>>> print(open('final-v9.pdb').read())   # PDB, C-alpha atoms
ATOM      1  CA  MET W   1      30.826   0.352  10.575
ATOM      2  CA  GLU W   2      32.494  -2.518  12.365
ATOM      3  CA  THR W   3      32.276  -4.844   9.396
ATOM      4  CA  LEU W   4      31.489  -4.820   5.719
ATOM      5  CA  ALA W   5      30.544  -8.507   5.708
ATOM      6  CA  PHE W   6      26.927  -7.625   4.874
ATOM      7  CA  LEU W   7      28.005  -6.356   1.446
ATOM      8  CA  GLY W   8      28.789  -9.854   0.115
ATOM      9  CA  PRO W   9      25.288 -11.305   0.538
ATOM     10  CA  ALA W  10      23.767  -7.976  -0.536
ATOM     11  CA  SER W  11      25.825  -8.094  -3.746
ATOM     12  CA  LEU W  12      24.627 -11.612  -4.537
ATOM     13  CA  PHE W  13      21.050 -10.468  -3.976
ATOM     14  CA  MET W  14      21.492  -7.535  -6.368
ATOM     15  CA  ILE W  15      23.039  -9.757  -9.043
ATOM     16  CA  SER W  16      20.047 -12.089  -8.893
ATOM     17  CA  MET W  17      17.597  -9.174  -9.065
ATOM     18  CA  THR W  18      19.258  -7.136 -11.811
ATOM     19  CA  LEU W  19      20.069 -10.006 -14.161
ATOM     20  CA  THR W  20      16.424 -11.090 -14.329
ATOM     21  CA  PRO W  21      13.776  -9.469 -16.577
ATOM     22  CA  GLY W  22      11.792  -6.460 -15.437
ATOM     23  CA  PRO W  23      10.622  -3.098 -16.817
ATOM     24  CA  ASN W  24      14.114  -1.581 -16.765
ATOM     25  CA  ASN W  25      15.808  -4.477 -18.521
ATOM     26  CA  VAL W  26      13.110  -4.778 -21.192
ATOM     27  CA  MET W  27      13.379  -1.053 -21.957
ATOM     28  CA  LEU W  28      17.196  -1.180 -21.953
ATOM     29  CA  THR W  29      17.104  -4.033 -24.465
ATOM     30  CA  ALA W  30      14.775  -2.072 -26.738
ATOM     31  CA  SER W  31      16.876   1.069 -26.361
ATOM     32  CA  GLY W  32      20.132  -0.772 -27.047
ATOM     33  CA  ALA W  33      18.668  -2.246 -30.232
ATOM     34  CA  ASN W  34      17.201   1.019 -31.508
ATOM     35  CA  TYR W  35      19.825   3.545 -30.394
ATOM     36  CA  GLY W  36      22.994   1.615 -29.604
ATOM     37  CA  PHE W  37      24.829   1.291 -26.306
ATOM     38  CA  ARG W  38      26.353   4.777 -26.172
ATOM     39  CA  ARG W  39      23.038   6.613 -26.648
ATOM     40  CA  THR W  40      21.439   4.299 -24.067
ATOM     41  CA  LEU W  41      23.993   5.251 -21.386
ATOM     42  CA  PRO W  42      21.963   8.175 -19.920
ATOM     43  CA  HIS W  43      18.974   5.795 -19.562
ATOM     44  CA  LEU W  44      21.193   3.204 -17.902
ATOM     45  CA  LEU W  45      22.823   5.702 -15.536
ATOM     46  CA  GLY W  46      19.407   7.179 -14.740
ATOM     47  CA  ILE W  47      18.242   3.761 -13.551
ATOM     48  CA  MET W  48      21.249   3.571 -11.249
ATOM     49  CA  GLY W  49      20.806   7.112  -9.941
ATOM     50  CA  GLY W  50      17.081   6.682  -9.370
ATOM     51  CA  CYS W  51      17.539   3.372  -7.565
ATOM     52  CA  PHE W  52      20.291   4.850  -5.389
ATOM     53  CA  LEU W  53      17.956   7.659  -4.290
ATOM     54  CA  LEU W  54      15.042   5.266  -3.830
ATOM     55  CA  PHE W  55      17.041   2.788  -1.755
ATOM     56  CA  GLY W  56      18.402   5.585   0.438
ATOM     57  CA  ALA W  57      14.929   7.045   0.910
ATOM     58  CA  ILE W  58      13.561   3.623   1.883
ATOM     59  CA  ALA W  59      16.312   3.204   4.476
ATOM     60  CA  LEU W  60      15.535   6.629   5.899
ATOM     61  CA  GLY W  61      11.808   6.017   6.291
ATOM     62  CA  LEU W  62       9.934   6.390   3.002
ATOM     63  CA  GLY W  63       8.549   2.877   3.445
ATOM     64  CA  ILE W  64       6.874   4.047   6.676
ATOM     65  CA  VAL W  65       5.128   6.847   4.772
ATOM     66  CA  PHE W  66       3.586   4.234   2.466
ATOM     67  CA  GLU W  67       2.434   2.188   5.436
ATOM     68  CA  ARG W  68       0.727   5.202   7.041
ATOM     69  CA  PHE W  69      -0.615   6.707   3.812
ATOM     70  CA  PRO W  70      -1.319   3.858   1.355
ATOM     71  CA  ILE W  71      -3.022   6.304  -1.022
ATOM     72  CA  VAL W  72       0.437   7.694  -1.878
ATOM     73  CA  GLN W  73       1.592   4.271  -3.031
ATOM     74  CA  THR W  74      -1.636   3.744  -4.985
ATOM     75  CA  LEU W  75      -1.196   7.062  -6.775
ATOM     76  CA  LEU W  76       2.417   6.214  -7.625
ATOM     77  CA  ARG W  77       1.300   2.882  -9.058
ATOM     78  CA  ILE W  78      -1.330   4.511 -11.251
ATOM     79  CA  ILE W  79       1.048   7.219 -12.481
ATOM     80  CA  GLY W  80       3.780   4.649 -13.067
ATOM     81  CA  SER W  81       1.410   2.385 -14.989
ATOM     82  CA  LEU W  82       0.217   5.199 -17.240
ATOM     83  CA  TYR W  83       3.791   6.313 -17.906
ATOM     84  CA  LEU W  84       4.872   2.743 -18.621
ATOM     85  CA  LEU W  85       2.017   2.333 -21.127
ATOM     86  CA  TYR W  86       3.101   5.580 -22.785
ATOM     87  CA  LEU W  87       6.679   4.267 -23.038
ATOM     88  CA  ALA W  88       5.415   0.913 -24.319
ATOM     89  CA  TRP W  89       3.481   2.635 -27.108
ATOM     90  CA  GLY W  90       6.576   4.628 -28.062
ATOM     91  CA  ILE W  91       8.680   1.462 -28.210
ATOM     92  CA  ALA W  92       6.065  -0.527 -30.151
ATOM     93  CA  THR W  93       5.563   2.175 -32.795
ATOM     94  CA  ALA W  94       9.198   3.256 -33.171
ATOM     95  CA  PRO W  95      10.341   3.113 -36.802
ATOM     96  CA  PRO W  96      13.501   1.172 -37.658
ATOM     97  CA  PRO W  97      16.704   3.204 -37.138
ATOM     98  CA  GLU W  98      17.395   3.409 -40.859
ATOM     99  CA  PHE W  99      13.841   4.598 -41.530
ATOM    100  CA  GLY W 100      13.819   7.831 -39.604
ATOM    101  CA  ASN W 101      14.506   6.773 -36.019
ATOM    102  CA  ALA W 102      17.882   8.509 -36.067
ATOM    103  CA  GLU W 103      16.173  11.527 -34.540
ATOM    104  CA  GLY W 104      14.431   9.446 -31.903
ATOM    105  CA  ARG W 105      15.619   9.721 -28.344
ATOM    106  CA  PRO W 106      16.050   7.102 -25.643
ATOM    107  CA  LEU W 107      14.995   7.934 -22.103
ATOM    108  CA  SER W 108      17.011  10.704 -20.506
ATOM    109  CA  PHE W 109      18.840  10.325 -17.204
ATOM    110  CA  TRP W 110      16.104  12.165 -15.303
ATOM    111  CA  GLN W 111      13.227  10.294 -16.969
ATOM    112  CA  ALA W 112      14.802   6.949 -16.109
ATOM    113  CA  ALA W 113      15.633   8.077 -12.568
ATOM    114  CA  ALA W 114      12.103   9.319 -11.894
ATOM    115  CA  PHE W 115      10.575   6.106 -13.227
ATOM    116  CA  GLN W 116      12.274   4.072 -10.478
ATOM    117  CA  PHE W 117       9.928   5.562  -7.873
ATOM    118  CA  ALA W 118       6.991   3.958  -9.719
ATOM    119  CA  ASN W 119       8.812   0.756 -10.675
ATOM    120  CA  PRO W 120       7.564  -2.151  -8.516
ATOM    121  CA  LYS W 121      10.699  -4.226  -9.047
ATOM    122  CA  ALA W 122      12.857  -1.333  -7.815
ATOM    123  CA  TRP W 123      10.670  -1.074  -4.701
ATOM    124  CA  VAL W 124      10.944  -4.815  -4.037
ATOM    125  CA  MET W 125      14.722  -4.615  -4.436
ATOM    126  CA  GLY W 126      15.020  -1.574  -2.180
ATOM    127  CA  LEU W 127      12.722  -2.824   0.557
ATOM    128  CA  THR W 128      14.341  -6.280   0.629
ATOM    129  CA  LEU W 129      17.851  -4.868   0.420
ATOM    130  CA  MET W 130      17.405  -2.479   3.321
ATOM    131  CA  ALA W 131      15.276  -4.797   5.463
ATOM    132  CA  SER W 132      17.593  -7.772   5.025
ATOM    133  CA  PHE W 133      21.104  -6.338   4.772
ATOM    134  CA  LEU W 134      21.214  -2.925   6.493
ATOM    135  CA  PRO W 135      23.265  -3.411   9.685
ATOM    136  CA  GLU W 136      21.739  -2.412  12.986
ATOM    137  CA  GLU W 137      25.044  -1.195  14.400
ATOM    138  CA  GLY W 138      26.733   2.001  13.284
ATOM    139  CA  ASN W 139      25.364   5.115  11.638
ATOM    140  CA  THR W 140      22.169   4.253   9.729
ATOM    141  CA  PHE W 141      22.646   7.052   7.207
ATOM    142  CA  VAL W 142      26.234   6.046   6.380
ATOM    143  CA  ASN W 143      25.349   2.353   6.250
ATOM    144  CA  ALA W 144      22.417   3.070   3.925
ATOM    145  CA  LEU W 145      24.579   5.143   1.569
ATOM    146  CA  VAL W 146      27.284   2.472   1.461
ATOM    147  CA  LEU W 147      24.759  -0.322   0.900
ATOM    148  CA  ALA W 148      22.889   1.592  -1.810
ATOM    149  CA  GLY W 149      26.151   2.601  -3.490
ATOM    150  CA  VAL W 150      27.554  -0.922  -3.560
ATOM    151  CA  ALA W 151      24.192  -2.249  -4.781
ATOM    152  CA  GLU W 152      24.303   0.098  -7.769
ATOM    153  CA  LEU W 153      27.936  -0.711  -8.558
ATOM    154  CA  VAL W 154      26.974  -4.389  -8.649
ATOM    155  CA  ALA W 155      23.904  -3.604 -10.772
ATOM    156  CA  LEU W 156      25.867  -1.653 -13.404
ATOM    157  CA  PRO W 157      27.407  -4.593 -15.287
ATOM    158  CA  CYS W 158      24.198  -6.611 -14.931
ATOM    159  CA  ILE W 159      21.900  -4.056 -16.534
ATOM    160  CA  SER W 160      24.616  -3.162 -19.053
ATOM    161  CA  LEU W 161      24.350  -6.728 -20.340
ATOM    162  CA  TRP W 162      20.713  -6.072 -21.275
ATOM    163  CA  ALA W 163      21.592  -2.914 -23.202
ATOM    164  CA  GLY W 164      24.451  -4.780 -24.895
ATOM    165  CA  PHE W 165      22.119  -7.656 -25.705
ATOM    166  CA  GLY W 166      19.755  -5.182 -27.347
ATOM    167  CA  MET W 167      22.598  -3.673 -29.355
ATOM    168  CA  ALA W 168      23.546  -7.157 -30.607
ATOM    169  CA  ILE W 169      19.934  -7.812 -31.611
ATOM    170  CA  GLY W 170      19.850  -4.483 -33.437
ATOM    171  CA  ARG W 171      22.805  -5.550 -35.582
ATOM    172  CA  TRP W 172      21.110  -8.833 -36.396
ATOM    173  CA  LEU W 173      17.730  -7.405 -37.420
ATOM    174  CA  LYS W 174      17.377  -6.799 -41.150
ATOM    175  CA  GLY W 175      14.579  -4.967 -42.904
ATOM    176  CA  PRO W 176      11.598  -2.969 -41.655
ATOM    177  CA  ARG W 177       9.405  -6.028 -40.987
ATOM    178  CA  SER W 178      11.826  -7.610 -38.517
ATOM    179  CA  TRP W 179      12.180  -4.240 -36.742
ATOM    180  CA  ARG W 180       8.419  -3.855 -36.498
ATOM    181  CA  VAL W 181       8.119  -7.325 -34.981
ATOM    182  CA  PHE W 182      10.945  -6.663 -32.518
ATOM    183  CA  ASN W 183       9.696  -3.233 -31.442
ATOM    184  CA  GLY W 184       6.125  -4.504 -31.206
ATOM    185  CA  THR W 185       7.250  -7.412 -29.024
ATOM    186  CA  MET W 186       9.337  -5.177 -26.743
ATOM    187  CA  GLY W 187       6.447  -2.712 -26.478
ATOM    188  CA  ALA W 188       4.066  -5.522 -25.538
ATOM    189  CA  LEU W 189       6.496  -6.841 -22.904
ATOM    190  CA  THR W 190       6.883  -3.344 -21.461
ATOM    191  CA  ALA W 191       3.093  -2.917 -21.329
ATOM    192  CA  ALA W 192       2.744  -6.326 -19.679
ATOM    193  CA  CYS W 193       4.788  -5.038 -16.723
ATOM    194  CA  VAL W 194       1.716  -2.974 -15.783
ATOM    195  CA  ILE W 195       0.131  -6.233 -14.607
ATOM    196  CA  PHE W 196       2.806  -6.479 -11.909
ATOM    197  CA  ILE W 197       2.424  -2.820 -10.950
ATOM    198  CA  LEU W 198      -1.344  -2.966 -10.495
ATOM    199  CA  GLY W 199      -1.582  -6.621  -9.515
TER     200      GLY W 199
END
>>> encode(input="final-v9.pdb", output="structure tokens")
Amino acid sequence: METLAFLGPASLFMISMTLTPGPNNVMLTASGANYGFRRTLPHLLGIMGGCFLLFGAIALGLGIVFERFPIVQTLLRIIGSLYLLYLAWGIATAPPPEFGNAEGRPLSFWQAAAFQFANPKAWVMGLTLMASFLPEEGNTFVNALVLAGVAELVALPCISLWAGFGMAIGRWLKGPRSWRVFNGTMGALTAACVIFILG
């Protein structure tokens, strides 16, 4: 790589994308509120790992597969939508932590990582990132790994804010009614993301 100048604009792009709402951030907020920041860490790291793999795969030609075989993308959208609705139901019906949710479990690393391949916002980020900021000169594989790695390092504090925000909300909520309202709202927002997947 002759220059790393492309990483500055790419970092600004990732900040703007990962600080704004989307399926991941809504679920991280709900998880932070219900389970705390520490128990949400595998979910958070799974998002980063899944996006890293997705972005690298896009740079190495996965986007071309979708162009040639659109049925693959359609199937991913349907599977992703069904899984997101399942997660939304789990969030909406989760009991308050002090009323039996102590045994509940946030998304695992692998569940969160796998979800990124059906997450439309992750695809938009990856396609835009690689199309706009991947340098033409140098080794494509190395450039893609560096770009994807830096993108995820930039994303880490941004998505952590959402989990931390959820944890702060969890400390503020008092009583089972307020928890039901919060979890119901977060479940509805998660389900609403299906509109963007299938739209």
>>> residues_near_point(input="final-v9.pdb", point="(27.3, -1.9, -18.2)", cutoff="12 Å", atoms="all atoms listed in the file", output="list in words")
Thr18, Leu19, Asn25, Leu28, Gly32, Phe37, Arg38, Thr40, Leu41, Pro42, His43, Leu44, Leu45, Ile47, Met48, Glu152, Leu153, Val154, Ala155, Leu156, Pro157, Cys158, Ile159, Ser160, Leu161, Trp162, Ala163, Gly164 and Phe165 of chain W
>>> resolve_selection(input="final-v9.pdb", expression="the PyMOL selection byres ((chain W and resi 57) around 12)", output="PDB file with C-alpha atoms, in the frame of the given file")
ATOM      1  CA  GLY W  50      17.081   6.682  -9.370  1.00  0.00           C
ATOM      2  CA  CYS W  51      17.539   3.372  -7.565  1.00  0.00           C
ATOM      3  CA  PHE W  52      20.291   4.850  -5.389  1.00  0.00           C
ATOM      4  CA  LEU W  53      17.956   7.659  -4.290  1.00  0.00           C
ATOM      5  CA  LEU W  54      15.042   5.266  -3.830  1.00  0.00           C
ATOM      6  CA  PHE W  55      17.041   2.788  -1.755  1.00  0.00           C
ATOM      7  CA  GLY W  56      18.402   5.585   0.438  1.00  0.00           C
ATOM      8  CA  ILE W  58      13.561   3.623   1.883  1.00  0.00           C
ATOM      9  CA  ALA W  59      16.312   3.204   4.476  1.00  0.00           C
ATOM     10  CA  LEU W  60      15.535   6.629   5.899  1.00  0.00           C
ATOM     11  CA  GLY W  61      11.808   6.017   6.291  1.00  0.00           C
ATOM     12  CA  LEU W  62       9.934   6.390   3.002  1.00  0.00           C
ATOM     13  CA  GLY W  63       8.549   2.877   3.445  1.00  0.00           C
ATOM     14  CA  ILE W  64       6.874   4.047   6.676  1.00  0.00           C
ATOM     15  CA  VAL W  65       5.128   6.847   4.772  1.00  0.00           C
ATOM     16  CA  PHE W  66       3.586   4.234   2.466  1.00  0.00           C
ATOM     17  CA  PHE W 117       9.928   5.562  -7.873  1.00  0.00           C
ATOM     18  CA  TRP W 123      10.670  -1.074  -4.701  1.00  0.00           C
ATOM     19  CA  GLY W 126      15.020  -1.574  -2.180  1.00  0.00           C
ATOM     20  CA  LEU W 127      12.722  -2.824   0.557  1.00  0.00           C
ATOM     21  CA  MET W 130      17.405  -2.479   3.321  1.00  0.00           C
ATOM     22  CA  THR W 140      22.169   4.253   9.729  1.00  0.00           C
ATOM     23  CA  PHE W 141      22.646   7.052   7.207  1.00  0.00           C
ATOM     24  CA  ALA W 144      22.417   3.070   3.925  1.00  0.00           C
ATOM     25  CA  LEU W 145      24.579   5.143   1.569  1.00  0.00           C
ATOM     26  CA  ALA W 148      22.889   1.592  -1.810  1.00  0.00           C
TER      27      ALA W 148
END
>>> resolve_selection(input="final-v9.pdb", expression="the PyMOL selection byres ((chain W and resi 11) around 12)", output="number ranges by chain")
W: 4-10, 12-18, 125, 129, 133, 146-156, 158
>>> resolve_selection(input="final-v9.pdb", expression="the PyMOL selection byres ((chain W and resi 180) around 9)", output="PyMOL selection string")
chain W and resi 92-96+175-179+181-185
>>> atom_distance(input="final-v9.pdb", atom1="atom CA of Leu107 of chain W", atom2="atom CA of Leu189 of chain W")
17.1 Å
>>> atom_distance(input="final-v9.pdb", atom1="atom CA of Trp89 of chain W", atom2="atom CA of Gly36 of chain W")
19.7 Å
>>> atom_distance(input="final-v9.pdb", atom1="atom CA of Ala131 of chain W", atom2="atom CA of Ala118 of chain W")
19.4 Å
>>> closest_residue(input="final-v9.pdb", among="W:Pro97, W:Gly90, W:Gly49, W:Pro120", to="Ile78 of chain W", atoms="all atoms listed in the file")
W:Pro120
>>> residues_near_point(input="final-v9.pdb", point="(12.8, -5.8, -18.6)", cutoff="9 Å", atoms="all atoms listed in the file", output="PyMOL selection string")
chain W and resi 20-29+162+186+189-190+193
>>> residues_around(input="final-v9.pdb", residues="Phe115 of chain W", least_positions_apart="3", cutoff="9 Å", atoms="all atoms listed in the file", output="PyMOL selection string")
chain W and resi 47+50+80+83-84+110-112+118-119
